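> Sharing a structure below in structure tokens format, with a few things to ask.
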Amino acid sequence: MYYIDPHIHMISRVTDDYQRMAQCGCLAVSEPAFWAGFDRGSAEGFRDYFRHLVEVEPKRAAQFDICHYSWLCVNAKEAENVKLSREVIALIPEYLNRPNVLGIGEIGLNKNTANEATIFQEHVDLATKTDELMLIHTPHLEDKYKGTRMIIDMLKGDRRVNPARVCIDHVEEHTVRLALDSGFWCGMTLYPTTKCTPERAVDIIEMVGSERILANSAGDWGKSNPLAVPEFIQEMKRRGHPETVIRKVVHDNPLEFFRQSVRWQEPADGRITEKETGPGTARPRPAAEMARS
Ligand SMILES: [Zn+2]
């Protein structure tokens with residue numbers, strides 16, 4: 001089955017991973033800006049990172065017919081350094097007009113500190129002023145419920161924010177309804193240590209349904225699995241879920257969310273649309289709709 005991985009850090013993965021993902025049916029990935037495993041020394045370090053996201057990875061992915069999209073921000077961990085974060089936020093607009101940039105992310109909280117909350121709100125301000133989509137990181141383990149609550153309260157407290165243009169990521173059983181009930185999209189992360197297993201993710205689908213929900217691998221430099229979405233597909237099939245429901249979660253939903261981006265560009269060869277309904281049965285999209293959506 002064709003799928004999209006809406007959250008994976010390909011900068012940390014080898015080229016063979018792209019090949020194996022393509023062999024498993026991956027059509028597109030989106031890569032949020034994140035913590036590189038060390039705190040960067042200056043805003044210029046982020047400039048180089050953004051160039052990598054918008055210039056290098058799309059070319060590497062294209063070798064395997066995978067479309068690469070990205071999100072820009074200062075991650076919550078480095079947001080503890082408010083001065084540096086403000087310098088980085090100031091340079092983001094230069095990169096927002098690059099092709100394949102979907103919005104601001106992954107912003108959010110890590111340890112739920114006051115500095116993190118300040119920088120989170122400054123990112124939200126930038127996103128609303130520039131009409132960008134937002135991808136939100138929620139904290140891990142014991143900080144998750146409180147952090148998710150804080151994030152949702154901050155977003156709901158800003159009347160400019162449209163929840164339909166925000167995805168709350170790394171949801172688990174105890175936070176998924178917080179996000180969905182407030183009208184946000186949400187992402188389940190299939191990560192072997194700190195987040196959901198494929199089995200738990202299928203339990204969540206059985207609990208809340210398949211509306212406004214995505215599944216991703218969050219593959220990165222940690223112990224993680226770039227083929228986690230195909231494993232989720234296998235588990236959905238094993239439990240007898242119909243193909244239409246599986247495809248909705250791993251393909252149609254990410255597309256519906258991404259297509260709201262002002263700069264969303266579908267590849268001209270119809271690579272993605274054609275595979276929505278199977279080869280040869282694509283619904284042709286009028287040029288005007290392509291340009292707008
Ligand atoms: Zn991430």
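Just remember, in the structure tokens the first chain shown is A, the second B, etc., residues are 1-based per chain, and ligands are 1-based in the order shown.
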Would you kindly return, as a ChimeraX atom specification, each protein, DNA or RNA residue with an atom no farther than 10 Å from any atom of Phe38 in chain A, considering only C-alpha atoms and excluding same-chain residues fewer than 2 positions away?
/A:35-36,40-41,77-78
> Tell me, as a list of chain:residue names, which residues lie within 12 Å of Ile66 in chain A, counting only C-alpha atoms; anything in the same chain fewer than 6 positions away does not count.
A:Tyr2, A:Tyr3, A:Ile4, A:Asp5, A:Met10, A:Thr15, A:Asp17, A:Tyr18, A:Gln19, A:Arg20, A:Met21, A:Ala22, A:Gln23, A:Cys24, A:Gly25, A:Cys26, A:Leu27, A:Ala28, A:Val29, A:Ser30, A:Glu57, A:Pro58, A:Lys59, A:Arg60, A:Glu266, A:Pro267, A:Arg271, A:Ile272
> Give me, as number ranges by chain, all polymer residues having an atom no more than 8 Å from Ala76 in chain A, counting only C-alpha atoms and skipping those fewer than 2 positions away in the same chain.
A: 74, 78-80, 107-110, 116, 119-120
> Just the selected residues (all heavy atoms), exported as a compact mmCIF listing (two decimals), in the first residue's frame, please.

# COMPACT_ATOMS: atom_id res chain seq x y z
N VAL A 74 12.85 26.58 15.76
CA VAL A 74 13.82 26.18 16.78
C VAL A 74 13.08 25.16 17.63
O VAL A 74 11.97 25.44 18.07
CB VAL A 74 14.18 27.31 17.75
CG1 VAL A 74 15.39 26.95 18.57
CG2 VAL A 74 14.33 28.63 17.07
N GLU A 78 16.20 23.51 22.46
CA GLU A 78 17.09 24.67 22.33
C GLU A 78 16.37 26.00 22.60
O GLU A 78 17.00 27.04 22.74
CB GLU A 78 17.74 24.67 20.93
CG GLU A 78 18.89 23.66 20.88
CD GLU A 78 19.37 23.37 19.46
OE1 GLU A 78 18.68 22.60 18.77
OE2 GLU A 78 20.42 23.90 19.07
N ALA A 79 15.01 25.93 22.70
CA ALA A 79 14.24 27.15 23.00
C ALA A 79 14.53 27.66 24.41
O ALA A 79 14.18 28.79 24.76
CB ALA A 79 12.75 26.88 22.85
N GLU A 80 15.19 26.82 25.21
CA GLU A 80 15.58 27.27 26.55
C GLU A 80 16.51 28.49 26.44
O GLU A 80 16.56 29.33 27.34
CB GLU A 80 16.26 26.10 27.27
CG GLU A 80 16.27 26.15 28.77
CD GLU A 80 14.94 26.50 29.42
OE1 GLU A 80 13.89 25.94 29.05
OE2 GLU A 80 14.94 27.36 30.31
N ILE A 107 7.35 22.70 16.70
CA ILE A 107 7.44 23.57 17.87
C ILE A 107 6.67 22.90 19.00
O ILE A 107 5.90 21.98 18.77
CB ILE A 107 6.86 24.96 17.58
CG1 ILE A 107 5.43 24.86 16.99
CG2 ILE A 107 7.76 25.72 16.63
CD1 ILE A 107 4.72 26.19 16.86
N GLY A 108 6.89 23.38 20.25
CA GLY A 108 6.14 22.78 21.35
C GLY A 108 6.87 22.94 22.64
O GLY A 108 7.56 23.94 22.87
N LEU A 109 6.74 21.93 23.51
CA LEU A 109 7.37 21.97 24.81
C LEU A 109 8.17 20.70 25.02
O LEU A 109 7.84 19.66 24.45
CB LEU A 109 6.31 22.10 25.91
CG LEU A 109 5.43 23.36 25.88
CD1 LEU A 109 4.35 23.28 26.97
CD2 LEU A 109 6.26 24.63 26.05
N ASN A 110 9.22 20.80 25.84
CA ASN A 110 10.04 19.64 26.16
C ASN A 110 9.95 19.34 27.66
O ASN A 110 9.48 18.30 28.06
CB ASN A 110 11.49 19.92 25.72
CG ASN A 110 12.43 18.80 26.07
OD1 ASN A 110 12.13 17.64 25.79
ND2 ASN A 110 13.55 19.11 26.71
N GLU A 116 10.47 27.85 27.30
CA GLU A 116 9.92 27.08 26.19
C GLU A 116 8.55 27.64 25.77
O GLU A 116 8.25 27.76 24.59
CB GLU A 116 9.75 25.61 26.58
CG GLU A 116 11.05 24.83 26.74
CD GLU A 116 10.81 23.46 27.39
OE1 GLU A 116 9.65 23.00 27.45
OE2 GLU A 116 11.79 22.87 27.85
N ILE A 119 8.94 30.94 23.77
CA ILE A 119 9.39 30.75 22.38
C ILE A 119 8.31 30.03 21.57
O ILE A 119 8.12 30.32 20.39
CB ILE A 119 10.76 30.01 22.35
CG1 ILE A 119 11.84 30.90 22.97
CG2 ILE A 119 11.13 29.58 20.94
CD1 ILE A 119 11.99 32.28 22.32
N PHE A 120 7.58 29.14 22.20
CA PHE A 120 6.45 28.49 21.51
C PHE A 120 5.48 29.57 21.01
O PHE A 120 5.07 29.58 19.85
CB PHE A 120 5.74 27.51 22.45
CG PHE A 120 4.49 26.92 21.86
CD1 PHE A 120 4.57 25.98 20.84
CD2 PHE A 120 3.23 27.30 22.30
CE1 PHE A 120 3.41 25.45 20.27
CE2 PHE A 120 2.08 26.78 21.74
CZ PHE A 120 2.17 25.85 20.72
> For ligand 1, which of A:Leu135, A:Ile92, A:Ala43, A:Val208 is the closest residue, counting only C-alpha atoms and all ligand atoms?
A:Leu135
> For ligand 1, list the contacting residues at 12 Å or closer, counting only C-alpha atoms and all ligand atoms, as a ChimeraX atom specification.
/A:5-12,30-37,70-77,105-108,110,135-140,168-170,187-191,195,216-222,224
> Quick one: residues within 8 Å of range 238-247 of chain A, only C-alpha atoms counted, chain neighbours fewer than 4 positions away excluded, as a ChimeraX atom specification?
/A:1-3,210,233-234,251-252
> Please extract the residues of range 23-245 of chain A with a backbone DSSP assignment of strand (DSSP E) and present them as a PDB file with C-alpha atoms, in the first residue's frame.

ATOM      1  CA  CYS A  26       6.481   5.490   0.544  1.00  0.00           C
ATOM      2  CA  LEU A  27       5.415   8.362  -1.760  1.00  0.00           C
ATOM      3  CA  ALA A  28       6.323  11.356   0.377  1.00  0.00           C
ATOM      4  CA  VAL A  29       7.836  12.366   3.704  1.00  0.00           C
ATOM      5  CA  SER A  30       7.722  15.546   5.739  1.00  0.00           C
ATOM      6  CA  GLU A  31      10.674  16.481   7.915  1.00  0.00           C
ATOM      7  CA  PRO A  32      10.249  18.864  10.857  1.00  0.00           C
ATOM      8  CA  CYS A  67       8.664  13.788  -2.403  1.00  0.00           C
ATOM      9  CA  HIS A  68      10.338  15.582   0.480  1.00  0.00           C
ATOM     10  CA  TYR A  69       8.620  18.394   2.426  1.00  0.00           C
ATOM     11  CA  SER A  70       9.895  20.226   5.502  1.00  0.00           C
ATOM     12  CA  TRP A  71       8.960  22.385   8.510  1.00  0.00           C
ATOM     13  CA  LEU A  72      11.131  25.094  10.090  1.00  0.00           C
ATOM     14  CA  VAL A 101       8.266  24.082   3.063  1.00  0.00           C
ATOM     15  CA  LEU A 102       4.889  23.262   4.644  1.00  0.00           C
ATOM     16  CA  GLY A 103       5.023  25.509   7.705  1.00  0.00           C
ATOM     17  CA  ILE A 104       6.385  26.008  11.228  1.00  0.00           C
ATOM     18  CA  GLY A 105       7.410  22.924  13.212  1.00  0.00           C
ATOM     19  CA  GLU A 106       8.029  20.932  15.205  1.00  0.00           C
ATOM     20  CA  ILE A 107       7.441  23.568  17.869  1.00  0.00           C
ATOM     21  CA  GLY A 108       6.140  22.784  21.346  1.00  0.00           C
ATOM     22  CA  LEU A 133       0.483  25.455   9.092  1.00  0.00           C
ATOM     23  CA  MET A 134       1.907  24.303  12.438  1.00  0.00           C
ATOM     24  CA  LEU A 135       3.320  20.941  13.531  1.00  0.00           C
ATOM     25  CA  ILE A 136       3.488  20.566  17.310  1.00  0.00           C
ATOM     26  CA  HIS A 137       5.835  18.399  19.383  1.00  0.00           C
ATOM     27  CA  VAL A 166      -2.462  22.607  13.380  1.00  0.00           C
ATOM     28  CA  CYS A 167      -1.277  19.036  14.002  1.00  0.00           C
ATOM     29  CA  ILE A 168      -0.552  17.971  17.592  1.00  0.00           C
ATOM     30  CA  TRP A 185      -5.253  17.179  13.736  1.00  0.00           C
ATOM     31  CA  CYS A 186      -3.114  14.700  15.622  1.00  0.00           C
ATOM     32  CA  GLY A 187      -0.170  12.409  14.945  1.00  0.00           C
ATOM     33  CA  MET A 188       0.667   9.051  16.531  1.00  0.00           C
ATOM     34  CA  THR A 189       4.396   8.380  16.639  1.00  0.00           C
ATOM     35  CA  ILE A 213      -5.335  11.383  12.663  1.00  0.00           C
ATOM     36  CA  LEU A 214      -1.924  10.517  11.145  1.00  0.00           C
ATOM     37  CA  ALA A 215       0.731   7.855  11.828  1.00  0.00           C
ATOM     38  CA  ASN A 216       4.458   8.579  11.605  1.00  0.00           C
TER      39      ASN A 216
END
> For a quick check of understanding, using only C-alpha atoms, which of A:Asn253, A:Thr197, A:Thr118, A:Asn97 has the smallest distance to Val54 in chain A?
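Among the listed residues, A:Asn97 lies closest to Val54 in chain A.
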> Set the distance at 9 Å and use only C-alpha atoms: which residues neighbour Lys129 in chain A once local chain neighbours fewer than 4 positions away are removed? I'd like the list as an MDAnalysis selection string.
chainID A and resid 124:125 160
> Which residues come within 12 Å of Met207 in chain A, counting only C-alpha atoms, excluding same-chain residues fewer than 2 positions away, as a ChimeraX atom specification?
/A:172-174,176-177,200-205,209-211,213
> Please, which residues of range 12-234 of chain A, numbered as in this document, come out helix (DSSP H, G or I) from DSSP, as a VMD selection string?
chain A and resid 12 15 to 23 43 to 62 78 to 80 82 to 95 114 to 129 141 to 156 163 to 165 176 to 181 198 to 208 228 to 234
> Figure out the distance between CA of Asn100 in chain A and CA of Trp264 in chain A, please, to one decimal in Å.
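Going from CA of Trp264 in chain A over to CA of Asn100 in chain A, I get 6.7 Å.
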> Using only C-alpha atoms, which residue out of A:Asp143, A:Glu55, A:Asp39, A:Asp16 lies closest to Ser85 in chain A?
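Going through A:Asp143, A:Glu55, A:Asp39, A:Asp16 one by one, the smallest distance to Ser85 in chain A is for A:Asp39.
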